[in-house]
file my_file_19.txt (compact mmCIF, C-alpha atoms)
# COMPACT_ATOMS: atom_id res chain seq x y z
CA MET A 1 0.83 -21.24 35.29
CA ALA A 2 0.78 -17.64 36.31
CA THR A 3 2.17 -15.14 33.85
CA LEU A 4 5.08 -12.88 34.67
CA GLU A 5 2.70 -9.94 34.74
CA ASP A 6 0.51 -11.73 37.32
CA LYS A 7 3.53 -12.46 39.43
CA LEU A 8 4.83 -8.91 39.32
CA MET A 9 1.40 -7.37 39.99
CA GLY A 10 0.83 -9.70 42.98
CA GLU A 11 -2.62 -10.89 41.97
CA LYS A 12 -1.98 -14.33 43.50
CA LEU A 13 -1.63 -13.60 47.18
CA GLU A 14 -0.12 -16.97 48.10
CA TYR A 15 3.03 -15.87 46.15
CA TYR A 16 3.18 -12.46 47.74
CA CYS A 17 6.22 -12.62 49.99
CA SER A 18 7.04 -9.07 50.94
CA SER A 19 5.24 -6.04 52.25
CA SER A 20 6.22 -2.62 53.33
CA GLU A 21 4.75 -0.15 55.75
CA GLY A 22 1.39 1.23 54.82
CA GLU A 23 0.51 -1.75 52.63
CA TYR A 24 -2.60 -3.88 53.13
CA GLU A 25 -2.63 -6.12 56.27
CA PRO A 26 -5.22 -8.95 56.51
CA ASP A 27 -7.57 -9.20 59.52
CA ASP A 28 -7.30 -11.94 62.10
CA ASP A 29 -9.75 -14.33 60.42
CA GLU A 30 -8.17 -13.92 57.03
CA ALA A 31 -4.72 -14.23 58.56
CA GLY A 32 -5.77 -17.39 60.38
CA GLU A 33 -7.08 -19.02 57.28
CA LYS A 34 -4.00 -18.18 55.27
CA GLY A 35 -1.79 -19.16 58.14
CA GLY A 36 -3.45 -22.56 58.18
CA ALA A 37 -2.94 -22.86 54.48
CA ARG A 38 0.73 -22.03 54.77
CA ALA A 39 1.10 -24.48 57.64
CA ALA A 40 -0.47 -27.15 55.48
CA GLN A 41 2.11 -26.55 52.81
CA GLY A 42 4.90 -27.40 55.20
CA PRO A 43 8.56 -26.41 55.08
CA GLN A 44 8.93 -27.60 51.47
CA ALA A 45 6.39 -25.10 50.11
CA TYR A 46 7.34 -23.75 46.66
CA ILE A 47 8.69 -20.21 46.49
CA ASP A 48 8.83 -18.65 43.05
CA PRO A 49 12.38 -17.18 42.59
CA ASP A 50 11.11 -14.66 40.04
CA VAL A 51 8.86 -13.08 42.66
CA CYS A 52 10.82 -13.75 45.82
CA PRO A 53 14.57 -13.86 45.08
CA PRO A 54 16.78 -15.32 47.79
CA PRO A 55 17.75 -12.97 50.62
CA PRO A 56 20.89 -10.91 49.97
CA SER A 57 24.18 -11.88 51.51
CA ALA A 58 25.68 -10.02 54.47
CA GLY A 59 26.76 -6.50 53.74
CA TYR A 60 24.41 -6.16 50.77
CA ARG A 61 22.47 -2.98 50.50
CA SER A 62 19.64 -2.20 48.20
CA MET A 63 20.77 -0.32 45.09
CA GLY A 64 18.94 2.88 45.74
CA SER A 65 15.53 1.31 46.30
CA THR A 66 13.61 1.48 49.60
CA ASN A 67 10.66 -0.49 48.29
CA THR A 68 10.84 -4.24 49.05
CA GLY A 69 7.69 -5.10 47.19
CA PRO A 70 7.41 -6.30 43.56
CA LYS A 71 8.10 -2.83 42.26
CA GLY A 72 11.26 -2.63 44.37
CA VAL A 73 12.42 -6.00 43.03
CA VAL A 74 11.89 -4.85 39.47
CA GLU A 75 13.71 -1.59 40.12
CA ASP A 76 16.62 -3.41 41.76
CA TRP A 77 16.83 -5.80 38.83
CA GLN A 78 16.71 -2.97 36.32
CA ARG A 79 19.39 -1.10 38.24
CA PHE A 80 21.53 -4.24 38.34
CA LYS A 81 21.19 -4.71 34.56
CA GLN A 82 21.97 -1.02 34.04
CA LEU A 83 25.16 -1.33 36.10
CA GLN A 84 26.15 -4.43 34.14
CA ALA A 85 25.63 -2.55 30.86
CA GLU A 86 27.64 0.41 32.16
CA ARG A 87 30.46 -1.87 33.22
CA ARG A 88 30.48 -3.51 29.81
CA GLU A 89 30.52 -0.11 28.12
CA GLU A 90 33.35 1.08 30.35
CA SER A 91 35.33 -2.09 29.69
CA GLU A 92 34.74 -1.75 25.97
CA ARG A 93 35.74 1.91 26.07
CA GLN A 94 38.98 1.10 27.90
CA ARG A 95 39.73 -1.68 25.43
CA ILE A 96 39.18 0.67 22.50
CA GLU A 97 41.36 3.37 24.07
CA LEU A 98 44.15 0.87 24.66
CA ALA A 99 43.90 -0.35 21.08
CA LYS A 100 44.00 3.25 19.85
CA LYS A 101 47.09 3.98 21.93
CA LEU A 102 48.87 0.93 20.55
CA THR A 103 47.80 1.83 17.02
CA MET A 104 48.83 5.47 17.45
CA THR A 105 52.23 4.44 18.81
CA THR A 106 52.86 2.17 15.83
CA ALA A 107 51.54 4.73 13.36
CA THR A 108 53.62 7.49 14.93
CA ALA A 109 56.82 5.44 14.60
CA GLN A 110 56.06 4.67 10.97
CA GLU A 111 55.14 8.28 10.24
CA GLU A 112 58.36 9.48 11.87
CA GLU A 113 60.39 7.11 9.71
CA GLU A 114 58.53 8.22 6.59
CA ARG A 115 59.02 11.85 7.56
CA LYS A 116 62.77 11.36 7.92
CA LYS A 117 62.94 9.64 4.53
CA GLN A 118 60.95 12.46 2.97
CA GLU A 119 63.23 15.08 4.50
CA GLU A 120 66.29 13.26 3.16
CA LEU A 121 64.76 13.10 -0.31
CA GLU A 122 63.84 16.78 -0.20
CA ALA A 123 67.34 17.72 0.92
CA GLU A 124 68.87 15.64 -1.87
CA PHE A 125 66.47 17.15 -4.41
CA ALA A 126 67.26 20.68 -3.19
CA GLU A 127 70.96 19.95 -3.64
CA LEU A 128 70.37 18.61 -7.13
CA MET A 129 68.28 21.65 -8.00
CA SER A 130 70.82 24.15 -6.70
CA GLU A 131 72.01 26.78 -9.14
CA ASP A 132 75.62 25.60 -9.06
CA PHE A 133 74.64 22.01 -9.82
CA LEU A 134 72.36 23.04 -12.68
CA GLN A 135 75.05 25.21 -14.23
CA GLN A 136 77.62 22.45 -13.96
CA TYR A 137 75.20 19.93 -15.45
CA GLN A 138 74.36 22.32 -18.27
CA LYS A 139 78.02 22.82 -19.04
CA GLN A 140 78.66 19.10 -19.14
CA ARG A 141 75.68 18.51 -21.41
CA MET A 142 76.71 21.31 -23.74
CA ALA A 143 80.26 19.99 -23.85
CA GLU A 144 78.97 16.50 -24.62
CA MET A 145 76.71 17.80 -27.37
CA MET A 146 79.55 19.81 -28.85
CA ARG A 147 81.81 16.75 -28.89
CA GLN A 148 79.08 14.78 -30.62
CA CYS A 149 78.76 17.56 -33.19
CA GLY A 150 82.50 17.67 -33.81
CA HIS A 151 83.22 20.67 -31.56
CA SER A 152 85.92 18.94 -29.60
CA GLN A 153 88.65 20.88 -31.40
CA ASN A 154 90.17 23.76 -29.45
CA PHE A 155 91.54 26.73 -31.40
CA GLY A 156 92.28 29.24 -28.67
CA LYS A 157 93.83 31.90 -30.91
CA VAL A 158 93.19 34.08 -33.95
CA LEU A 159 94.50 32.61 -37.18
CA ASN A 160 96.26 34.96 -39.59
CA LEU A 161 95.23 34.31 -43.20
CA ASN A 162 97.89 35.44 -45.65
CA SER A 163 96.28 34.52 -48.96
CA HIS A 164 92.97 34.14 -50.64
CA GLU A 165 93.53 30.37 -50.80
CA GLU A 166 94.01 30.21 -47.03
CA PHE A 167 90.80 32.17 -46.69
CA LEU A 168 88.91 29.58 -48.79
CA ASN A 169 90.47 26.63 -46.96
CA CYS A 170 89.62 28.19 -43.61
CA VAL A 171 85.96 28.17 -44.58
CA GLU A 172 85.54 25.18 -46.86
CA LYS A 173 87.65 22.58 -45.06
CA GLU A 174 86.31 23.14 -41.60
CA ASN A 175 83.78 20.92 -39.79
CA LYS A 176 80.22 21.86 -40.69
CA HIS A 177 79.36 22.36 -37.02
CA THR A 178 82.17 24.84 -36.39
CA THR A 179 81.45 28.55 -36.32
CA ILE A 180 84.09 30.66 -38.11
CA ILE A 181 84.49 34.39 -37.44
CA ILE A 182 86.79 36.25 -39.83
CA HIS A 183 87.85 39.82 -39.28
CA ILE A 184 88.59 41.83 -42.42
CA TYR A 185 90.90 44.64 -41.34
CA ASP A 186 93.20 47.33 -42.56
CA LYS A 187 96.32 48.47 -40.73
CA SER A 188 95.51 52.10 -41.35
CA VAL A 189 92.19 51.89 -39.44
CA SER A 190 92.66 52.24 -35.67
CA ALA A 191 89.35 50.52 -34.88
CA CYS A 192 90.62 47.44 -36.72
CA ALA A 193 93.66 47.23 -34.43
CA THR A 194 91.39 47.51 -31.39
CA LEU A 195 89.09 44.81 -32.74
CA ASN A 196 92.04 42.46 -33.36
CA LYS A 197 93.05 42.77 -29.70
CA CYS A 198 89.47 42.07 -28.60
CA LEU A 199 89.32 38.97 -30.80
CA ASP A 200 92.60 37.70 -29.33
CA THR A 201 90.91 37.76 -25.92
CA LEU A 202 87.67 36.15 -27.12
CA ALA A 203 89.59 33.36 -28.91
CA THR A 204 90.94 32.17 -25.57
CA GLU A 205 87.55 32.41 -23.91
CA TYR A 206 85.74 30.63 -26.76
CA PRO A 207 88.21 27.95 -27.85
CA THR A 208 85.65 26.03 -29.93
CA ILE A 209 85.01 29.07 -32.14
CA LYS A 210 87.42 29.50 -35.03
CA PHE A 211 88.63 33.11 -35.11
CA ALA A 212 90.68 34.38 -38.06
CA LYS A 213 91.74 37.68 -39.62
CA ILE A 214 92.70 38.71 -43.13
CA CYS A 215 93.88 42.02 -44.53
CA SER A 216 91.36 43.69 -46.82
CA SER A 217 93.89 43.98 -49.65
CA VAL A 218 94.66 40.23 -49.45
CA ALA A 219 90.95 39.43 -49.47
CA GLY A 220 90.55 41.52 -52.62
CA MET A 221 88.34 44.24 -51.16
CA SER A 222 87.89 47.51 -53.02
CA ARG A 223 89.30 50.81 -51.80
CA ASP A 224 85.79 52.15 -51.24
CA PHE A 225 84.99 49.18 -48.99
CA ARG A 226 88.24 49.64 -47.08
CA GLN A 227 87.32 53.26 -46.43
CA LYS A 228 83.62 52.79 -45.56
CA GLY A 229 83.10 49.17 -44.48
CA LEU A 230 85.92 48.42 -42.03
CA PRO A 231 86.23 46.91 -39.55
CA ALA A 232 84.08 44.08 -40.86
CA LEU A 233 83.22 40.64 -39.52
CA LEU A 234 82.14 37.70 -41.68
CA VAL A 235 80.67 34.64 -39.95
CA TYR A 236 80.51 31.21 -41.63
CA LYS A 237 79.09 27.83 -40.73
CA ALA A 238 78.90 24.78 -43.03
CA GLN A 239 80.41 26.99 -45.80
CA ALA A 240 77.46 29.37 -45.57
CA VAL A 241 77.48 33.00 -44.45
CA ILE A 242 75.40 33.34 -41.27
CA GLY A 243 76.59 36.82 -40.34
CA ASN A 244 77.86 39.84 -42.25
CA PHE A 245 78.68 42.88 -40.12
CA VAL A 246 80.32 45.88 -41.76
CA ARG A 247 81.56 48.93 -39.95
CA VAL A 248 80.90 47.34 -36.54
CA THR A 249 82.04 50.55 -34.87
CA ASP A 250 78.57 51.91 -35.60
CA ASP A 251 77.33 49.47 -32.94
CA LEU A 252 80.42 49.40 -30.73
CA SER A 253 81.44 53.08 -30.88
CA ASP A 254 85.07 54.11 -31.38
CA ASP A 255 86.14 53.04 -27.89
CA PHE A 256 85.20 49.42 -27.11
CA PHE A 257 86.48 46.40 -25.20
CA PRO A 258 86.34 42.59 -25.53
CA SER A 259 83.19 42.43 -23.41
CA ASP A 260 81.49 44.86 -25.80
CA VAL A 261 82.38 42.70 -28.79
CA GLU A 262 81.24 39.58 -26.94
CA SER A 263 77.88 41.13 -26.10
CA PHE A 264 77.47 42.26 -29.71
CA LEU A 265 78.07 38.73 -31.04
CA ILE A 266 75.78 37.16 -28.43
CA GLU A 267 72.99 39.62 -29.21
CA ASN A 268 73.26 38.74 -32.89
CA GLY A 269 73.13 35.01 -32.25
CA ILE A 270 76.74 34.27 -33.22
CA LEU A 271 78.03 33.34 -29.78
CA VAL A 272 76.41 31.52 -26.91
CA ASP A 273 77.43 32.66 -23.43
CA LYS A 274 80.65 30.80 -22.64
CA ASN A 275 79.41 30.03 -19.13
CA LEU A 276 76.81 27.73 -20.64
CA TYR A 277 79.04 25.46 -22.68
CA SER A 278 82.67 25.98 -21.75
CA LEU A 279 84.49 22.67 -21.83
CA PRO A 280 85.48 21.20 -18.47
CA GLN A 281 89.14 21.48 -17.65
CA GLN A 282 91.12 18.27 -18.17

call {"tool": "encode", "arguments": {"input": "my_file_19.txt", "output": "structure tokens"}}
result
Amino acid sequence: MATLEDKLMGEKLEYYCSSSEGEYEPDDDEAGEKGGARAAQGPQAYIDPDVCPPPPSAGYRSMGSTNTGPKGVVEDWQRFKQLQAERREESERQRIELAKKLTMTTATAQEEEERKKQEELEAEFAELMSEDFLQQYQKQRMAEMMRQCGHSQNFGKVLNLNSHEEFLNCVEKENKHTTIIIHIYDKSVSACATLNKCLDTLATEYPTIKFAKICSSVAGMSRDFRQKGLPALLVYKAQAVIGNFVRVTDDLSDDFFPSDVESFLIENGILVDKNLYSLPQQ
């Protein structure tokens, strides 16, 4: 059996079925002999389809090839296979693009939903982290902690201690978590009168702080102390002295106001800013 290479190269002339202009033409004798041979084969003579494919249907045009010989057949076949491959690639490309569009549409819808959820969470978080919310939360937590520590009692005014015994009871019988500020004063000292008025104001602003006042003579202070140490503030907590401030006018000056006294006590760690732990209104 002839090989494909033999067929394509046309070495066996009896299978050669096409020629083009300028190709080899046999002489009369050779043509006669071959014609007789072909006649002997009759109408049922075998035609190899690999070498001589069936004639094209009506309207068919060669795909860019003008050569009808073996080389032209090969080129037409190669062109046909190339077009098939291109069609497959184009079909595959369109299928992939369609799949991408469907995927992108689904992903975009999901991403949009996730984005909306994220924006809602961020807005809620921003609201929770707002300054007003944080201050309110801090106040509530401070108030809760103070109630747990026994700071639920509201004083709201300055107590007047009229005896040494009342002075001791004011300190010793109070809750250990309560801060007690006692003003030792003398009626003859003008700064003491000013300080008493300032403490009246602070007592209403800091109702959980126990403010009290006692005359220096009732407390048993010496004359020298009354002349040099007044006005004086003693601060107690759990029956222990945590602050002892004599002649506070040295820090406040002769002309001072409640805000000056408040700042002085905050700076010395006696008071915490009322805005941080004031009890919520009932």

call {"tool": "atom_distance", "arguments": {"input": "my_file_19.txt", "atom1": "CA of Ala232 (chain A)", "atom2": "CA of Phe245 (chain A)"}}
result
5.6 Å

call {"tool": "closest_residue", "arguments": {"input": "my_file_19.txt", "among": "A:Cys215, A:Val171, A:Leu134, A:Ile242", "to": "Ile270 (chain A)", "atoms": "only C-alpha atoms"}}
result
A:Ile242

call {"tool": "closest_atom_pairs", "arguments": {"input": "my_file_19.txt", "of": "region 167-192 of chain A", "to": "region 197-214 of chain A", "cutoff": "6 Å", "atoms": "only C-alpha atoms", "output": "JSON lines"}}
result
{"residue": "A:Thr179", "atom": "CA", "partner": "A:Ile209", "partner_atom": "CA", "distance": 5.5}
{"residue": "A:Ile180", "atom": "CA", "partner": "A:Lys210", "partner_atom": "CA", "distance": 4.7}
{"residue": "A:Ile181", "atom": "CA", "partner": "A:Phe211", "partner_atom": "CA", "distance": 4.9}
{"residue": "A:Ile182", "atom": "CA", "partner": "A:Ala212", "partner_atom": "CA", "distance": 4.7}
{"residue": "A:His183", "atom": "CA", "partner": "A:Lys213", "partner_atom": "CA", "distance": 4.5}
{"residue": "A:Ile184", "atom": "CA", "partner": "A:Ile214", "partner_atom": "CA", "distance": 5.2}

call {"tool": "atom_distance", "arguments": {"input": "my_file_19.txt", "atom1": "CA of Ala99 (chain A)", "atom2": "CA of Phe80 (chain A)"}}
result
28.5 Å

call {"tool": "atom_distance", "arguments": {"input": "my_file_19.txt", "atom1": "CA of Glu124 (chain A)", "atom2": "CA of Tyr137 (chain A)"}}
result
15.6 Å

call {"tool": "closest_residue", "arguments": {"input": "my_file_19.txt", "among": "A:Gln140, A:Gln110, A:Glu172, A:Leu195", "to": "Ser259 (chain A)", "atoms": "all atoms listed in the file"}}
result
A:Leu195

call {"tool": "closest_residue", "arguments": {"input": "my_file_19.txt", "among": "A:Ala240, A:Cys192, A:Val272, A:Leu233", "to": "Asp255 (chain A)", "atoms": "only C-alpha atoms"}}
result
A:Cys192

call {"tool": "decode", "arguments": {"input": "my_file_19.txt", "residues": "region 207-248 of chain A", "atoms": "C-alpha atoms", "output": "JSON list (two decimals), in the first residue's frame"}}
result
[["chain", "number", "residue", "atom", "x", "y", "z"],
["A", 207, "PRO", "CA", -23.53, 65.50, 95.90],
["A", 208, "THR", "CA", -21.58, 62.30, 96.62],
["A", 209, "ILE", "CA", -18.83, 64.26, 98.39],
["A", 210, "LYS", "CA", -19.47, 64.99, 102.05],
["A", 211, "PHE", "CA", -18.75, 68.67, 102.73],
["A", 212, "ALA", "CA", -18.69, 69.99, 106.30],
["A", 213, "LYS", "CA", -17.43, 73.00, 108.23],
["A", 214, "ILE", "CA", -16.39, 73.55, 111.83],
["A", 215, "CYS", "CA", -15.29, 76.66, 113.67],
["A", 216, "SER", "CA", -11.62, 76.61, 114.67],
["A", 217, "SER", "CA", -12.45, 77.28, 118.32],
["A", 218, "VAL", "CA", -14.87, 74.32, 118.41],
["A", 219, "ALA", "CA", -12.25, 72.09, 116.79],
["A", 220, "GLY", "CA", -9.78, 73.09, 119.49],
["A", 221, "MET", "CA", -7.30, 74.92, 117.27],
["A", 222, "SER", "CA", -4.73, 77.24, 118.82],
["A", 223, "ARG", "CA", -4.80, 81.00, 118.40],
["A", 224, "ASP", "CA", -1.58, 80.88, 116.40],
["A", 225, "PHE", "CA", -3.16, 78.41, 113.96],
["A", 226, "ARG", "CA", -6.28, 80.55, 113.67],
["A", 227, "GLN", "CA", -4.11, 83.53, 112.76],
["A", 228, "LYS", "CA", -1.69, 81.80, 110.35],
["A", 229, "GLY", "CA", -3.35, 78.61, 109.07],
["A", 230, "LEU", "CA", -6.88, 79.63, 108.09],
["A", 231, "PRO", "CA", -8.77, 78.96, 105.96],
["A", 232, "ALA", "CA", -7.85, 75.29, 106.15],
["A", 233, "LEU", "CA", -9.25, 72.18, 104.49],
["A", 234, "LEU", "CA", -8.94, 68.66, 105.91],
["A", 235, "VAL", "CA", -9.83, 65.72, 103.64],
["A", 236, "TYR", "CA", -10.65, 62.25, 105.01],
["A", 237, "LYS", "CA", -11.41, 58.87, 103.51],
["A", 238, "ALA", "CA", -11.79, 55.59, 105.44],
["A", 239, "GLN", "CA", -10.94, 57.56, 108.64],
["A", 240, "ALA", "CA", -7.55, 58.52, 107.19],
["A", 241, "VAL", "CA", -6.32, 61.98, 106.26],
["A", 242, "ILE", "CA", -5.70, 62.13, 102.50],
["A", 243, "GLY", "CA", -5.39, 65.91, 102.27],
["A", 244, "ASN", "CA", -4.29, 68.68, 104.59],
["A", 245, "PHE", "CA", -4.35, 72.18, 103.10],
["A", 246, "VAL", "CA", -3.66, 75.15, 105.35],
["A", 247, "ARG", "CA", -3.94, 78.76, 104.33],
["A", 248, "VAL", "CA", -5.43, 77.82, 100.94]]
